$ cat coords22.cif   # mmCIF, C-alpha atoms
data_work
loop_
_atom_site.label_atom_id
_atom_site.label_comp_id
_atom_site.auth_asym_id
_atom_site.auth_seq_id
_atom_site.Cartn_x
_atom_site.Cartn_y
_atom_site.Cartn_z
CA PRO R 1 -44.53 8.62 -27.71
CA GLU R 2 -43.07 11.25 -29.97
CA GLY R 3 -41.14 12.80 -27.11
CA GLY R 4 -39.06 9.65 -26.72
CA ALA R 5 -36.43 10.60 -29.31
CA PRO R 6 -32.91 9.40 -28.59
CA GLY R 7 -31.12 11.64 -26.13
CA ARG R 8 -34.22 13.26 -24.66
CA CYS R 9 -34.19 10.97 -21.61
CA GLN R 10 -30.75 12.36 -20.79
CA SER R 11 -31.20 15.97 -21.87
CA THR R 12 -34.54 16.51 -20.10
CA PRO R 13 -34.67 13.75 -17.49
CA PHE R 14 -37.27 15.26 -15.20
CA LEU R 15 -39.79 15.86 -18.01
CA MET R 16 -39.21 12.54 -19.76
CA GLN R 17 -39.21 10.44 -16.61
CA ALA R 18 -42.48 11.99 -15.54
CA GLN R 19 -44.37 11.89 -18.85
CA CYS R 20 -42.63 9.29 -21.03
CA ARG R 21 -41.57 6.54 -18.66
CA HIS R 22 -42.12 3.83 -21.29
CA SER R 23 -39.69 5.41 -23.72
CA CYS R 24 -37.04 5.81 -21.06
CA GLY R 25 -37.39 2.20 -19.90
CA LEU R 26 -38.55 3.13 -16.41
CA CYS R 27 -41.74 1.06 -16.32
CA ASP R 28 -41.67 -2.41 -14.79
CA LYS R 29 -44.45 -3.70 -17.07
CA PRO R 30 -44.54 -1.82 -20.38
CA SER R 31 -47.67 -2.17 -22.46
CA GLU R 32 -47.58 -4.60 -25.38
CA GLY R 33 -46.63 -3.05 -28.69
CA SER R 34 -44.78 -0.13 -27.15
CA SER R 35 -41.15 0.48 -27.97
CA ALA R 36 -40.23 -0.03 -24.33
CA ALA R 37 -41.53 -3.62 -24.46
CA LYS R 38 -38.65 -4.49 -26.78
CA ARG R 39 -36.04 -2.88 -24.56
CA PRO R 40 -34.09 -4.90 -22.00
CA PRO R 41 -35.32 -4.33 -18.47
CA SER R 42 -33.64 -1.47 -16.69
CA ARG R 43 -31.36 -2.13 -13.78
CA PRO R 44 -33.06 -2.03 -10.40
CA ARG R 45 -32.34 1.03 -8.38
CA PRO R 46 -29.95 0.43 -5.47
CA ALA R 47 -31.60 0.15 -2.13
CA ALA R 48 -31.33 3.09 0.19
CA PRO R 49 -28.48 2.70 2.69
CA THR R 50 -29.50 1.38 6.05
CA PRO R 51 -28.90 3.88 8.84
CA GLY R 52 -25.84 2.92 10.88
CA THR R 53 -24.16 0.84 8.16
CA LEU R 54 -20.64 1.68 6.99
CA GLN R 55 -20.64 3.49 3.66
CA VAL R 56 -17.33 3.20 1.80
CA SER R 57 -16.59 5.44 -1.15
CA PRO R 58 -13.84 4.84 -3.73
CA GLN R 59 -12.26 8.12 -2.63
CA MET R 60 -11.94 6.77 0.92
CA ILE R 61 -10.06 3.72 -0.34
CA VAL R 62 -7.75 5.80 -2.53
CA HIS R 63 -7.04 8.29 0.26
CA THR R 64 -6.22 5.49 2.70
CA PHE R 65 -3.76 4.07 0.17
CA GLU R 66 -2.24 7.55 -0.22
CA TRP R 67 -1.83 7.98 3.54
CA SER R 68 -0.15 4.59 3.83
CA GLN R 69 2.32 5.41 1.07
CA PHE R 70 3.11 8.83 2.50
CA ALA R 71 3.86 7.17 5.85
CA PHE R 72 6.27 4.92 3.97
CA LEU R 73 7.76 7.96 2.23
CA ALA R 74 8.25 9.70 5.59
CA SER R 75 9.95 6.55 6.87
CA MET R 76 12.46 6.51 4.03
CA GLY R 77 12.92 10.28 4.34
CA LEU R 78 14.00 9.88 7.96
CA LEU R 79 16.55 7.28 6.93
CA LEU R 80 17.91 9.52 4.17
CA GLY R 81 18.26 12.39 6.61
CA SER R 82 19.98 10.12 9.11
CA ALA R 83 22.39 8.83 6.47
CA LEU R 84 23.64 12.37 5.83
CA ARG R 85 24.45 12.91 9.51
CA VAL R 86 27.66 11.95 11.27
CA GLY R 87 27.86 9.64 14.25
CA ASP R 88 27.03 10.95 17.70
CA ALA R 89 29.36 11.39 20.67
CA ARG R 90 29.04 7.71 21.54
CA GLY R 91 30.31 6.74 18.10
CA THR R 92 26.99 5.20 17.07
CA ALA R 93 26.17 5.50 13.36
CA PRO R 94 22.65 6.95 12.79
CA LEU R 95 21.79 4.00 10.55
CA ALA R 96 23.06 1.35 12.93
CA GLY R 97 20.63 -1.55 12.94
CA ILE R 98 19.21 -0.80 9.47
CA SER R 99 19.65 -3.48 6.81
CA TRP R 100 21.00 -2.26 3.50
CA LYS R 101 19.42 -5.26 1.82
CA THR R 102 16.02 -4.11 3.08
CA LEU R 103 16.52 -0.70 1.51
CA GLU R 104 17.57 -2.22 -1.82
CA ILE R 105 14.55 -4.54 -1.92
CA ASN R 106 12.23 -1.66 -1.05
CA LEU R 107 13.67 0.30 -3.98
CA VAL R 108 12.90 -2.61 -6.33
CA ALA R 109 9.40 -2.80 -4.82
CA ALA R 110 8.79 0.90 -5.48
CA LEU R 111 9.92 0.49 -9.09
CA ALA R 112 7.68 -2.58 -9.46
CA ARG R 113 4.66 -0.55 -8.33
CA VAL R 114 5.02 1.98 -11.17
CA PRO R 115 3.02 0.02 -13.82
CA PHE R 116 0.14 -0.44 -11.38
CA GLN R 117 -0.02 3.23 -10.42
CA TYR R 118 0.18 4.52 -13.98
CA THR R 119 -2.26 2.08 -15.59
CA SER R 120 -4.94 1.84 -12.90
CA HIS R 121 -7.50 4.36 -11.68
CA PHE R 122 -4.91 5.60 -9.17
CA PHE R 123 -3.32 7.48 -12.08
CA ASP R 124 -6.28 9.88 -11.95
CA HIS R 125 -5.06 11.10 -8.56
CA TRP R 126 -2.00 13.27 -9.03
CA ILE R 127 -0.98 12.89 -5.41
CA THR R 128 -0.35 9.14 -5.83
CA CYS R 129 1.77 9.80 -8.91
CA PHE R 130 3.69 12.42 -6.94
CA GLU R 131 4.19 9.99 -4.05
CA ILE R 132 5.56 7.10 -6.14
CA THR R 133 7.92 9.45 -7.99
CA LEU R 134 9.22 10.94 -4.76
CA SER R 135 9.51 7.52 -3.10
CA ILE R 136 11.69 6.23 -5.93
CA ALA R 137 13.79 9.40 -5.80
CA VAL R 138 14.32 9.17 -2.01
CA LEU R 139 15.05 5.43 -2.03
CA GLY R 140 17.30 5.78 -5.07
CA ALA R 141 19.25 8.60 -3.42
CA LEU R 142 19.54 6.63 -0.18
CA VAL R 143 20.74 3.40 -1.81
CA SER R 144 23.11 5.31 -4.13
CA ALA R 145 24.60 7.26 -1.23
CA LEU R 146 25.14 4.07 0.76
CA THR R 147 26.67 2.22 -2.18
CA ALA R 148 28.99 5.08 -3.17
CA GLY R 149 30.10 5.70 0.40
CA LEU R 150 28.64 9.21 0.42
CA ALA R 151 26.59 8.71 3.58
CA PRO R 152 28.69 9.60 6.66
CA GLY R 153 26.00 8.30 8.98
CA ALA R 154 25.89 4.83 7.47
CA GLY R 155 29.24 3.43 8.49
CA PRO R 156 30.75 0.45 6.65
CA ARG R 157 28.44 -1.84 4.71
CA PRO R 158 27.28 -4.65 7.00
CA LYS R 159 27.88 -8.26 6.07
CA GLU R 160 24.49 -9.69 5.12
CA THR R 161 23.92 -13.15 3.67
CA PHE R 162 20.37 -12.58 2.47
CA SER R 163 20.06 -13.10 -1.31
CA THR R 164 18.26 -10.16 -2.92
CA SER R 165 18.17 -11.75 -6.38
CA MET R 166 16.64 -14.97 -5.07
CA ALA R 167 14.02 -13.02 -3.12
CA CYS R 168 13.07 -11.00 -6.22
CA ALA R 169 12.84 -14.14 -8.36
CA CYS R 170 10.59 -15.96 -5.87
CA CYS R 171 8.29 -12.95 -5.46
CA LEU R 172 8.02 -12.50 -9.22
CA VAL R 173 7.13 -16.17 -9.78
CA ALA R 174 4.48 -16.01 -7.05
CA SER R 175 3.00 -12.81 -8.51
CA LEU R 176 2.85 -14.23 -12.04
CA GLY R 177 1.25 -17.43 -10.77
CA LEU R 178 -1.47 -15.56 -8.88
CA GLY R 179 -2.05 -13.25 -11.81
CA LEU R 180 -2.55 -16.17 -14.20
CA VAL R 181 -4.90 -17.90 -11.79
CA ARG R 182 -7.04 -14.81 -11.36
CA ARG R 183 -8.10 -14.38 -14.97
CA GLU R 184 -10.70 -11.74 -14.18
CA VAL R 185 -8.05 -9.16 -13.22
CA ASP R 186 -5.73 -7.10 -15.39
CA LEU R 187 -2.52 -9.16 -15.48
CA LEU R 188 -0.08 -6.24 -15.62
CA GLN R 189 -1.75 -4.32 -12.82
CA TYR R 190 -2.14 -7.33 -10.54
CA VAL R 191 1.40 -8.63 -11.07
CA SER R 192 2.82 -5.14 -10.53
CA LEU R 193 0.95 -4.60 -7.27
CA SER R 194 1.39 -8.11 -5.85
CA PHE R 195 5.08 -8.23 -6.81
CA SER R 196 5.63 -4.94 -5.00
CA ILE R 197 3.80 -6.06 -1.85
CA PHE R 198 5.55 -9.46 -1.78
CA LEU R 199 8.91 -7.71 -2.06
CA GLU R 200 8.04 -5.37 0.79
CA THR R 201 7.13 -8.35 2.94
CA THR R 202 10.34 -10.17 2.05
CA ALA R 203 12.37 -7.04 2.84
CA ILE R 204 11.49 -7.41 6.54
CA ILE R 205 13.48 -10.69 6.77
CA PRO R 206 16.97 -9.16 6.37
CA GLN R 207 15.91 -6.38 8.72
CA ARG R 208 15.13 -8.89 11.44
CA GLN R 209 18.44 -10.61 10.78
CA ARG R 210 20.13 -7.25 11.22
CA PHE R 211 18.37 -6.79 14.55
CA ALA R 212 19.84 -10.04 15.81
CA VAL R 213 23.36 -8.86 14.94
CA THR R 214 23.37 -5.25 16.14
CA LYS R 215 20.92 -5.56 19.05
CA CYS R 216 20.56 -1.77 19.01
CA MET R 217 19.01 1.03 17.00
CA PRO R 218 19.31 4.83 17.26
CA ALA R 219 16.21 6.92 17.78
CA MET R 220 15.73 8.20 14.21
CA ALA R 221 16.10 4.74 12.74
CA SER R 222 13.57 3.36 15.21
CA HIS R 223 11.13 6.16 14.34
CA SER R 224 11.55 5.23 10.69
CA LEU R 225 10.58 1.61 11.31
CA ALA R 226 7.61 2.73 13.40
CA LEU R 227 6.38 4.77 10.43
CA LEU R 228 6.86 1.72 8.23
CA VAL R 229 4.58 -0.32 10.49
CA LEU R 230 2.03 2.52 10.45
CA SER R 231 2.13 2.46 6.66
CA ARG R 232 1.38 -1.26 6.54
CA GLY R 233 -1.35 -0.92 9.15
CA LEU R 234 -3.09 1.73 7.05
CA ARG R 235 -2.90 -0.52 4.04
CA ILE R 236 -4.48 -3.38 5.97
CA PHE R 237 -7.26 -0.95 6.85
CA MET R 238 -7.61 -0.19 3.13
CA TRP R 239 -7.99 -3.91 2.37
CA GLY R 240 -10.70 -4.05 5.02
CA LEU R 241 -12.58 -1.20 3.36
CA MET R 242 -12.40 -3.08 0.07
CA CYS R 243 -13.83 -6.17 1.75
CA VAL R 244 -16.80 -4.08 2.89
CA GLU R 245 -17.35 -3.20 -0.76
CA GLY R 246 -17.16 -6.86 -1.80
CA GLU R 247 -13.62 -6.78 -3.23
CA TYR R 248 -11.54 -9.46 -1.52
CA GLU R 249 -7.75 -9.48 -1.84
CA PHE R 250 -6.93 -11.91 0.94
CA VAL R 251 -3.48 -12.84 -0.35
CA LEU R 252 -2.29 -9.23 -0.49
CA MET R 253 -3.94 -8.47 2.84
CA VAL R 254 -2.15 -11.40 4.47
CA ALA R 255 1.16 -10.24 2.97
CA ASP R 256 0.74 -6.82 4.60
CA ALA R 257 -0.34 -8.46 7.87
CA VAL R 258 2.81 -10.60 7.83
CA GLN R 259 4.90 -7.43 7.60
CA CYS R 260 3.25 -6.04 10.72
CA ALA R 261 3.61 -9.39 12.50
CA LEU R 262 7.32 -9.61 11.71
CA LEU R 263 7.83 -6.19 13.30
CA GLY R 264 5.33 -6.73 16.11
CA ASP R 265 7.93 -7.31 18.83
CA PHE R 266 9.89 -4.27 17.64
CA ILE R 267 6.80 -2.09 17.98
CA TRP R 268 6.19 -3.42 21.49
CA VAL R 269 9.70 -2.43 22.59
CA TYR R 270 9.49 0.85 20.68
CA LEU R 271 6.31 1.89 22.47
CA ARG R 272 7.70 0.75 25.82
CA SER R 273 10.91 2.71 25.30
CA ARG R 274 9.00 5.80 24.21
CA LYS R 275 6.91 5.60 27.36
CA ALA R 276 10.08 5.35 29.45
CA GLY R 277 11.73 8.17 27.50
CA THR R 278 14.71 6.01 26.50
CA SER R 279 14.28 5.70 22.75
CA ASP R 280 17.87 6.58 21.80
CA LEU R 281 18.81 2.92 21.62
CA LEU R 282 16.68 -0.19 21.48
CA LEU R 283 18.64 -3.11 22.90
CA ALA R 284 17.91 -6.56 21.53
CA THR R 285 18.37 -10.01 22.94
CA HIS R 286 19.33 -13.10 20.95
CA GLY R 287 15.66 -14.10 20.71
CA ASN R 288 12.82 -12.58 18.77
CA TYR R 289 12.04 -10.01 21.43
CA TYR R 290 14.05 -6.92 22.22
CA ARG R 291 14.62 -5.68 25.78
#
$ encode --input "coords22.cif" --output "structure tokens"
Amino acid sequence: PEGGAPGRCQSTPFLMQAQCRHSCGLCDKPSEGSSAAKRPPSRPRPAAPTPGTLQVSPQMIVHTFEWSQFAFLASMGLLLGSALRVGDARGTAPLAGISWKTLEINLVAALARVPFQYTSHFFDHWITCFEITLSIAVLGALVSALTAGLAPGAGPRPKETFSTSMACACCLVASLGLGLVRREVDLLQYVSLSFSIFLETTAIIPQRQRFAVTKCMPAMASHSLALLVLSRGLRIFMWGLMCVEGEYEFVLMVADAVQCALLGDFIWVYLRSRKAGTSDLLLATHGNYYR
């Protein structure tokens, strides 16, 4: 029909869809000879959601990621505040039990996440850009203060044998390998995100080694690690939401789950000590569990 000029189906959809369905490609069986018969079939309309089923929106996934990263930011903020304090009356440094290697690896992980955040759809959300910028600033200030000896609450640098450079190299190789295998994804974005998550998982190893040495942790430091576990738990929830939508990132989900598992015994003791009202120090045994 004459009313089927280009653009009319979009400019006047109600009129065109009611009177010129052939021209707008809305008929299942267009008549022979019509212009719609030469058009490719239109996409089927999505089925109406079934009552009671979980409906996941992209905004829900993005917001969950934001909450997880702000929990991480709060965790590092507590450590920075503790580093600027002096020891208490018992002579305990506020950062006793915290691995400096863990903080350094987390700083590299935050820097590695920058390409993903600024090239993916997360860049459209200013709050995520604000979070990554502030996370790098807080971690950078914390690591710089510790390295320069400007943190009175840190005490002397602990002797740690964990190799940061080797950990970064292994995580980078694993990320590149996965990115090359998964050809359907953007290589830069996937390597940036996976490299960051693998580093965060690796950063828990020197922290556990530090637990075995100090066998104690002041309250603020323990609260910081509890927020870290909350952050990873929220991110696992985000991966679950993506699975509902048909996007499966099992490797990254497992990496976040490993982080929570490595700190599982710490959380058990943390919750038990909070219930008893004795969270100033968390005493550790020589095993994997702290008492």
$ resolve_selection --input "coords22.cif" --expression "the PyMOL selection byres ((chain R and resi 194-205) around 6)" --output "list in words"
Thr102, Ile105, Asn106, Ala109, Ala112, Arg113, Cys171, Leu172, Ser175, Tyr190, Val191, Ser192, Leu193, Pro206, Gln207, Arg208 and Gln259 of chain R
$ write_last_selection --input "coords22.cif" --atoms "C-alpha atoms" --output "compact mmCIF listing (two decimals), keeping the file's coordinate frame"
# COMPACT_ATOMS: atom_id res chain seq x y z
CA THR R 102 16.02 -4.11 3.08
CA ILE R 105 14.55 -4.54 -1.92
CA ASN R 106 12.23 -1.66 -1.05
CA ALA R 109 9.40 -2.80 -4.82
CA ALA R 112 7.68 -2.58 -9.46
CA ARG R 113 4.66 -0.55 -8.33
CA CYS R 171 8.29 -12.95 -5.46
CA LEU R 172 8.02 -12.50 -9.22
CA SER R 175 3.00 -12.81 -8.51
CA TYR R 190 -2.14 -7.33 -10.54
CA VAL R 191 1.40 -8.63 -11.07
CA SER R 192 2.82 -5.14 -10.53
CA LEU R 193 0.95 -4.60 -7.27
CA PRO R 206 16.97 -9.16 6.37
CA GLN R 207 15.91 -6.38 8.72
CA ARG R 208 15.13 -8.89 11.44
CA GLN R 259 4.90 -7.43 7.60
$ atom_distance --input "coords22.cif" --atom1 "CA of Ile136 in chain R" --atom2 "CA of Ala110 in chain R"
6.1 Å
$ residues_near_point --input "coords22.cif" --point "(24.1, -12.0, 8.9)" --cutoff "10 Å" --atoms "all atoms listed in the file" --output "PyMOL selection string"
chain R and resi 99+158-162+206-214
$ write_last_selection --input "coords22.cif" --atoms "C-alpha atoms" --output "tab-separated table (two decimals), keeping the file's coordinate frame"
chain	number	residue	atom	x	y	z
R	99	SER	CA	19.65	-3.48	6.81
R	158	PRO	CA	27.28	-4.65	7.00
R	159	LYS	CA	27.88	-8.26	6.07
R	160	GLU	CA	24.49	-9.69	5.12
R	161	THR	CA	23.92	-13.15	3.67
R	162	PHE	CA	20.37	-12.58	2.47
R	206	PRO	CA	16.97	-9.16	6.37
R	207	GLN	CA	15.91	-6.38	8.72
R	208	ARG	CA	15.13	-8.89	11.44
R	209	GLN	CA	18.44	-10.61	10.78
R	210	ARG	CA	20.13	-7.25	11.22
R	211	PHE	CA	18.37	-6.79	14.55
R	212	ALA	CA	19.84	-10.04	15.81
R	213	VAL	CA	23.36	-8.86	14.94
R	214	THR	CA	23.37	-5.25	16.14
$ resolve_selection --input "coords22.cif" --expression "the PyMOL selection byres ((chain R and resi 62) around 12)" --output "PyMOL selection string"
chain R and resi 56-61+63-69+117+120-128+234-235+237-239+241-242
$ write_last_selection --input "coords22.cif" --atoms "C-alpha atoms" --output "PDB file, keeping the file's coordinate frame"
ATOM      1  CA  VAL R  56     -17.330   3.200   1.800  1.00  0.00           C
ATOM      2  CA  SER R  57     -16.590   5.440  -1.150  1.00  0.00           C
ATOM      3  CA  PRO R  58     -13.840   4.840  -3.730  1.00  0.00           C
ATOM      4  CA  GLN R  59     -12.260   8.120  -2.630  1.00  0.00           C
ATOM      5  CA  MET R  60     -11.940   6.770   0.920  1.00  0.00           C
ATOM      6  CA  ILE R  61     -10.060   3.720  -0.340  1.00  0.00           C
ATOM      7  CA  HIS R  63      -7.040   8.290   0.260  1.00  0.00           C
ATOM      8  CA  THR R  64      -6.220   5.490   2.700  1.00  0.00           C
ATOM      9  CA  PHE R  65      -3.760   4.070   0.170  1.00  0.00           C
ATOM     10  CA  GLU R  66      -2.240   7.550  -0.220  1.00  0.00           C
ATOM     11  CA  TRP R  67      -1.830   7.980   3.540  1.00  0.00           C
ATOM     12  CA  SER R  68      -0.150   4.590   3.830  1.00  0.00           C
ATOM     13  CA  GLN R  69       2.320   5.410   1.070  1.00  0.00           C
ATOM     14  CA  GLN R 117      -0.020   3.230 -10.420  1.00  0.00           C
ATOM     15  CA  SER R 120      -4.940   1.840 -12.900  1.00  0.00           C
ATOM     16  CA  HIS R 121      -7.500   4.360 -11.680  1.00  0.00           C
ATOM     17  CA  PHE R 122      -4.910   5.600  -9.170  1.00  0.00           C
ATOM     18  CA  PHE R 123      -3.320   7.480 -12.080  1.00  0.00           C
ATOM     19  CA  ASP R 124      -6.280   9.880 -11.950  1.00  0.00           C
ATOM     20  CA  HIS R 125      -5.060  11.100  -8.560  1.00  0.00           C
ATOM     21  CA  TRP R 126      -2.000  13.270  -9.030  1.00  0.00           C
ATOM     22  CA  ILE R 127      -0.980  12.890  -5.410  1.00  0.00           C
ATOM     23  CA  THR R 128      -0.350   9.140  -5.830  1.00  0.00           C
ATOM     24  CA  LEU R 234      -3.090   1.730   7.050  1.00  0.00           C
ATOM     25  CA  ARG R 235      -2.900  -0.520   4.040  1.00  0.00           C
ATOM     26  CA  PHE R 237      -7.260  -0.950   6.850  1.00  0.00           C
ATOM     27  CA  MET R 238      -7.610  -0.190   3.130  1.00  0.00           C
ATOM     28  CA  TRP R 239      -7.990  -3.910   2.370  1.00  0.00           C
ATOM     29  CA  LEU R 241     -12.580  -1.200   3.360  1.00  0.00           C
ATOM     30  CA  MET R 242     -12.400  -3.080   0.070  1.00  0.00           C
TER      31      MET R 242
END
$ closest_residue --input "coords22.cif" --among "R:Met217, R:Leu230, R:Ile267, R:Ile236" --to "Met253 in chain R" --atoms "all atoms listed in the file"
R:Ile236
$ atom_distance --input "coords22.cif" --atom1 "CA of Gly140 in chain R" --atom2 "CA of Cys168 in chain R"
17.3 Å
$ atom_distance --input "coords22.cif" --atom1 "CA of Arg274 in chain R" --atom2 "CA of Lys101 in chain R"
27.1 Å
$ closest_residue --input "coords22.cif" --among "R:Pro115, R:Ala261, R:Glu249, R:Glu104" --to "Val185 in chain R" --atoms "all atoms listed in the file"
R:Glu249
$ closest_residue --input "coords22.cif" --among "R:Gly149, R:Asp186, R:Ser135, R:Phe130" --to "Leu111 in chain R" --atoms "only C-alpha atoms"
R:Ser135
$ axis_aligned_box --input "coords22.cif" --around "range 191-195 of chain R" --padding-each-side "8 Å" --output "AutoDock Vina command-line options"
--center_x 3.0 --center_y -6.6 --center_z -8.5 --size_x 20.1 --size_y 20.0 --size_z 21.2
$ closest_residue --input "coords22.cif" --among "R:Gly97, R:Leu263, R:Leu103, R:Leu180" --to "Arg232 in chain R" --atoms "only C-alpha atoms"
R:Leu263
